[in-house]
Amino acid sequence: MRLLWIAVLLAPLFLPVAAAAQTAEEAIAYVFLGLADGAKLERGMSSMTWKETGSSPATYDGVWTLKGRSNAISFAVTATNDCDYVVRIAGPPNIVPRGNSLYARIEMKKVTALAPHSDAVRIDVTGTGYCETSPENEDCRPTDSSDLFGTVEAARHQEMVAFIRTKVCVGQ
């Protein structure tokens with residue numbers, strides 16, 4: 001009996017785990033934003049690091065360092081139903097309008113395809129279900145590509161898209 005108990009305790013260390021338990025919001029954050037606990041991105045004189053602070057809604061606190069100056073940025077991904085999501089961003093008012101604003105809306109039923117670029121820091125979005133705002137334009141406008149805030153692994157990205165399409169946004 002004792003040997004069985006030890007085997008049960010040690011099994012997670014040696015057996016492959018399918019995708020870690022994820023909420024729909026966490027999957028959306030990874031697929032559309034490249035966000036996950038411990039995610040990082042370095043581009044030129046800019047770097048970002050992220051810590052997940054909540055799973056539903058999925059919330060991430062980050063530090064964005066640009067030319068040696070650090071700024072605290074956060075994202076929240078909230079489901080309005082199984083297929084639709086709202087992404088909000090918060091940060092310094094000189095970067096984020098009013099310090100907190102809409103960043104994107106996602107309607108998965110209207111997104112027909114998603115694929116990361118080979119550099120793993122951009123995605124292509126096909127369909128009319130994804131829109132973004134910007135500091136210069138607060139209207140959410142459809143876009144067919146997006147910069148990510150952390151790098152993505154192509155296989156994990158595909159797994160998360162499949163999870164959303166087969167387990168979450170089904171039959172609506």
# chains A, B, ... in the order shown; residues from 1 in each chain; ligands from 1
call {"tool": "select_by_dssp", "arguments": {"residues": "chain A", "states": "strand (DSSP E)", "output": "PyMOL selection string"}}
result
chain A and resi 40-43+46-55+58-66+69-79+84-90+100-107+111-116+122-127+130-134+137-142+145-147
call {"tool": "closest_atom_pairs", "arguments": {"of": "segment 55-110 of chain A", "to": "segment 18-42 of chain A", "cutoff": "8 Å", "atoms": "only C-alpha atoms", "output": "Markdown table"}}
result
| residue | atom | partner | partner_atom | distance |
| --- | --- | --- | --- | --- |
| A:Ser55 | CA | A:Glu26 | CA | 6.2 |
| A:Ser56 | CA | A:Glu25 | CA | 6.2 |
| A:Pro57 | CA | A:Glu25 | CA | 6.1 |
| A:Ala58 | CA | A:Glu25 | CA | 5.3 |
| A:Tyr60 | CA | A:Leu35 | CA | 7.4 |
| A:Val77 | CA | A:Glu25 | CA | 5.7 |
| A:Thr78 | CA | A:Glu25 | CA | 6.2 |
| A:Ala79 | CA | A:Glu25 | CA | 6.5 |
| A:Asp82 | CA | A:Ala24 | CA | 7.8 |
| A:Tyr85 | CA | A:Glu25 | CA | 7.7 |
call {"tool": "write_last_selection", "arguments": {"atoms": "N, CA and C atoms", "output": "tab-separated table (two decimals), in the first residue's frame"}}
result
chain	number	residue	atom	x	y	z
A	55	SER	N	-7.13	33.50	-12.97
A	55	SER	CA	-7.43	32.61	-14.09
A	55	SER	C	-8.78	32.86	-14.76
A	56	SER	N	-9.76	33.39	-14.02
A	56	SER	CA	-11.07	33.64	-14.62
A	56	SER	C	-11.75	34.80	-13.88
A	57	PRO	N	-11.64	36.01	-14.38
A	57	PRO	CA	-10.98	36.38	-15.62
A	57	PRO	C	-9.47	36.14	-15.54
A	58	ALA	N	-8.85	35.92	-16.70
A	58	ALA	CA	-7.41	35.74	-16.75
A	58	ALA	C	-6.76	37.11	-16.64
A	60	TYR	N	-3.06	39.35	-15.93
A	60	TYR	CA	-1.60	39.29	-16.04
A	60	TYR	C	-1.03	40.66	-15.70
A	77	VAL	N	-8.54	39.39	-19.34
A	77	VAL	CA	-9.34	38.76	-20.39
A	77	VAL	C	-10.58	38.20	-19.71
A	78	THR	N	-11.76	38.69	-20.13
A	78	THR	CA	-13.02	38.31	-19.51
A	78	THR	C	-13.95	37.74	-20.56
A	79	ALA	N	-14.56	36.60	-20.25
A	79	ALA	CA	-15.55	36.00	-21.14
A	79	ALA	C	-16.89	36.68	-20.94
A	82	ASP	N	-19.35	31.85	-23.83
A	82	ASP	CA	-18.33	30.86	-24.19
A	82	ASP	C	-17.53	31.22	-25.43
A	85	TYR	N	-15.10	37.43	-25.93
A	85	TYR	CA	-14.18	37.87	-24.88
A	85	TYR	C	-13.85	39.34	-25.04
call {"tool": "atom_distance", "arguments": {"atom1": "atom CA of Tyr130 of chain A", "atom2": "atom CA of Ser70 of chain A"}}
result
29.0 Å
call {"tool": "residues_around", "arguments": {"residues": "segment 102-108 of chain A", "least_positions_apart": "5", "cutoff": "9 Å", "atoms": "only C-alpha atoms", "output": "NGL selection string"}}
result
:A and (28 or 32 or 75 or 82-90 or 128-134 or 138-141 or 164-165 or 169)
call {"tool": "select_by_dssp", "arguments": {"residues": "segment 44-170 of chain A", "states": "alpha helix (DSSP H)", "output": "list in words"}}
result
Ala154, Ala155, Arg156, His157, Gln158, Glu159, Met160, Val161, Ala162 and Phe163 of chain A
call {"tool": "write_last_selection", "arguments": {"atoms": "all heavy atoms", "output": "compact mmCIF listing (two decimals), in the first residue's frame"}}
result
# COMPACT_ATOMS: atom_id res chain seq x y z
N ALA A 154 4.41 27.24 -31.34
CA ALA A 154 3.42 26.89 -32.37
C ALA A 154 2.53 25.72 -31.95
O ALA A 154 1.30 25.79 -32.09
CB ALA A 154 4.10 26.60 -33.70
N ALA A 155 3.11 24.66 -31.40
CA ALA A 155 2.32 23.49 -31.01
C ALA A 155 1.34 23.83 -29.89
O ALA A 155 0.18 23.44 -29.93
CB ALA A 155 3.23 22.33 -30.60
N ARG A 156 1.82 24.56 -28.89
CA ARG A 156 0.92 24.96 -27.78
C ARG A 156 -0.17 25.90 -28.29
O ARG A 156 -1.32 25.81 -27.86
CB ARG A 156 1.72 25.60 -26.66
CG ARG A 156 0.83 25.96 -25.48
CD ARG A 156 1.60 26.42 -24.28
NE ARG A 156 0.68 26.75 -23.21
CZ ARG A 156 0.88 27.71 -22.32
NH1 ARG A 156 2.00 28.40 -22.34
NH2 ARG A 156 -0.01 27.96 -21.40
N HIS A 157 0.20 26.80 -29.19
CA HIS A 157 -0.78 27.72 -29.77
C HIS A 157 -1.89 26.92 -30.44
O HIS A 157 -3.08 27.18 -30.22
CB HIS A 157 -0.08 28.66 -30.76
CG HIS A 157 -0.91 29.82 -31.20
ND1 HIS A 157 -1.73 29.76 -32.30
CD2 HIS A 157 -1.06 31.06 -30.67
CE1 HIS A 157 -2.34 30.92 -32.44
NE2 HIS A 157 -1.95 31.73 -31.47
N GLN A 158 -1.53 25.94 -31.26
CA GLN A 158 -2.52 25.09 -31.94
C GLN A 158 -3.38 24.33 -30.93
O GLN A 158 -4.59 24.19 -31.11
CB GLN A 158 -1.84 24.12 -32.89
CG GLN A 158 -1.25 24.79 -34.10
CD GLN A 158 -0.46 23.81 -34.97
OE1 GLN A 158 -0.13 22.70 -34.56
NE2 GLN A 158 -0.17 24.24 -36.19
N GLU A 159 -2.76 23.81 -29.86
CA GLU A 159 -3.51 23.09 -28.83
C GLU A 159 -4.55 24.00 -28.17
O GLU A 159 -5.68 23.57 -27.92
CB GLU A 159 -2.56 22.56 -27.74
CG GLU A 159 -1.72 21.40 -28.15
CD GLU A 159 -0.71 21.02 -27.06
OE1 GLU A 159 -0.86 21.48 -25.90
OE2 GLU A 159 0.22 20.28 -27.39
N MET A 160 -4.17 25.24 -27.88
CA MET A 160 -5.09 26.17 -27.23
C MET A 160 -6.24 26.55 -28.17
O MET A 160 -7.38 26.68 -27.74
CB MET A 160 -4.36 27.41 -26.73
CG MET A 160 -3.38 27.15 -25.60
SD MET A 160 -4.16 26.47 -24.12
CE MET A 160 -3.79 24.74 -24.28
N VAL A 161 -5.94 26.75 -29.46
CA VAL A 161 -7.01 27.05 -30.43
C VAL A 161 -7.97 25.87 -30.49
O VAL A 161 -9.19 26.04 -30.46
CB VAL A 161 -6.43 27.37 -31.83
CG1 VAL A 161 -7.55 27.48 -32.86
CG2 VAL A 161 -5.63 28.67 -31.78
N ALA A 162 -7.43 24.65 -30.55
CA ALA A 162 -8.28 23.44 -30.60
C ALA A 162 -9.12 23.32 -29.32
O ALA A 162 -10.30 22.99 -29.38
CB ALA A 162 -7.42 22.20 -30.79
N PHE A 163 -8.53 23.62 -28.16
CA PHE A 163 -9.25 23.58 -26.89
C PHE A 163 -10.45 24.54 -26.94
O PHE A 163 -11.57 24.16 -26.59
CB PHE A 163 -8.30 23.96 -25.75
CG PHE A 163 -8.98 24.26 -24.44
CD1 PHE A 163 -9.55 23.25 -23.68
CD2 PHE A 163 -9.04 25.56 -23.96
CE1 PHE A 163 -10.18 23.54 -22.47
CE2 PHE A 163 -9.66 25.86 -22.76
CZ PHE A 163 -10.23 24.84 -22.00
call {"tool": "residues_around", "arguments": {"residues": "Gly99 of chain A", "least_positions_apart": "4", "cutoff": "10 Å", "atoms": "only C-alpha atoms", "output": "list in words"}}
result
Ile73, Ile89, Ala90, Gly91, Pro92, Pro93, Asn94 and Ile95 of chain A
call {"tool": "atom_distance", "arguments": {"atom1": "atom CA of Asp147 of chain A", "atom2": "atom CA of Asp119 of chain A"}}
result
10.8 Å
call {"tool": "closest_residue", "arguments": {"among": "A:Asn137, A:Asn71, A:Ser145, A:Ser101", "to": "Arg122 of chain A", "atoms": "only C-alpha atoms"}}
result
A:Ser145
call {"tool": "atom_distance", "arguments": {"atom1": "atom CA of Ser46 of chain A", "atom2": "atom CA of Ala120 of chain A"}}
result
16.0 Å
call {"tool": "closest_residue", "arguments": {"among": "A:Ser47, A:Thr126, A:Thr151, A:Asn100", "to": "Gly68 of chain A", "atoms": "only C-alpha atoms"}}
result
A:Ser47
call {"tool": "residues_around", "arguments": {"residues": "Ile123 of chain A", "least_positions_apart": "3", "cutoff": "7 Å", "atoms": "only C-alpha atoms", "output": "number ranges by chain"}}
result
A: 114-117, 145-147
call {"tool": "write_last_selection", "arguments": {"atoms": "C-alpha atoms", "output": "JSON list (two decimals), in the first residue's frame"}}
result
[["chain", "number", "residue", "atom", "x", "y", "z"],
["A", 114, "LEU", "CA", -5.34, 31.77, -36.37],
["A", 115, "ALA", "CA", -1.64, 31.18, -36.93],
["A", 116, "PRO", "CA", 1.51, 32.45, -35.26],
["A", 117, "HIS", "CA", 4.28, 33.88, -37.46],
["A", 145, "SER", "CA", -2.64, 40.47, -37.64],
["A", 146, "SER", "CA", -1.49, 41.37, -34.17],
["A", 147, "ASP", "CA", 1.73, 41.81, -32.22]]
call {"tool": "closest_residue", "arguments": {"among": "A:Val168, A:Val121, A:Leu148, A:Ala76", "to": "Thr59 of chain A", "atoms": "only C-alpha atoms"}}
result
A:Ala76
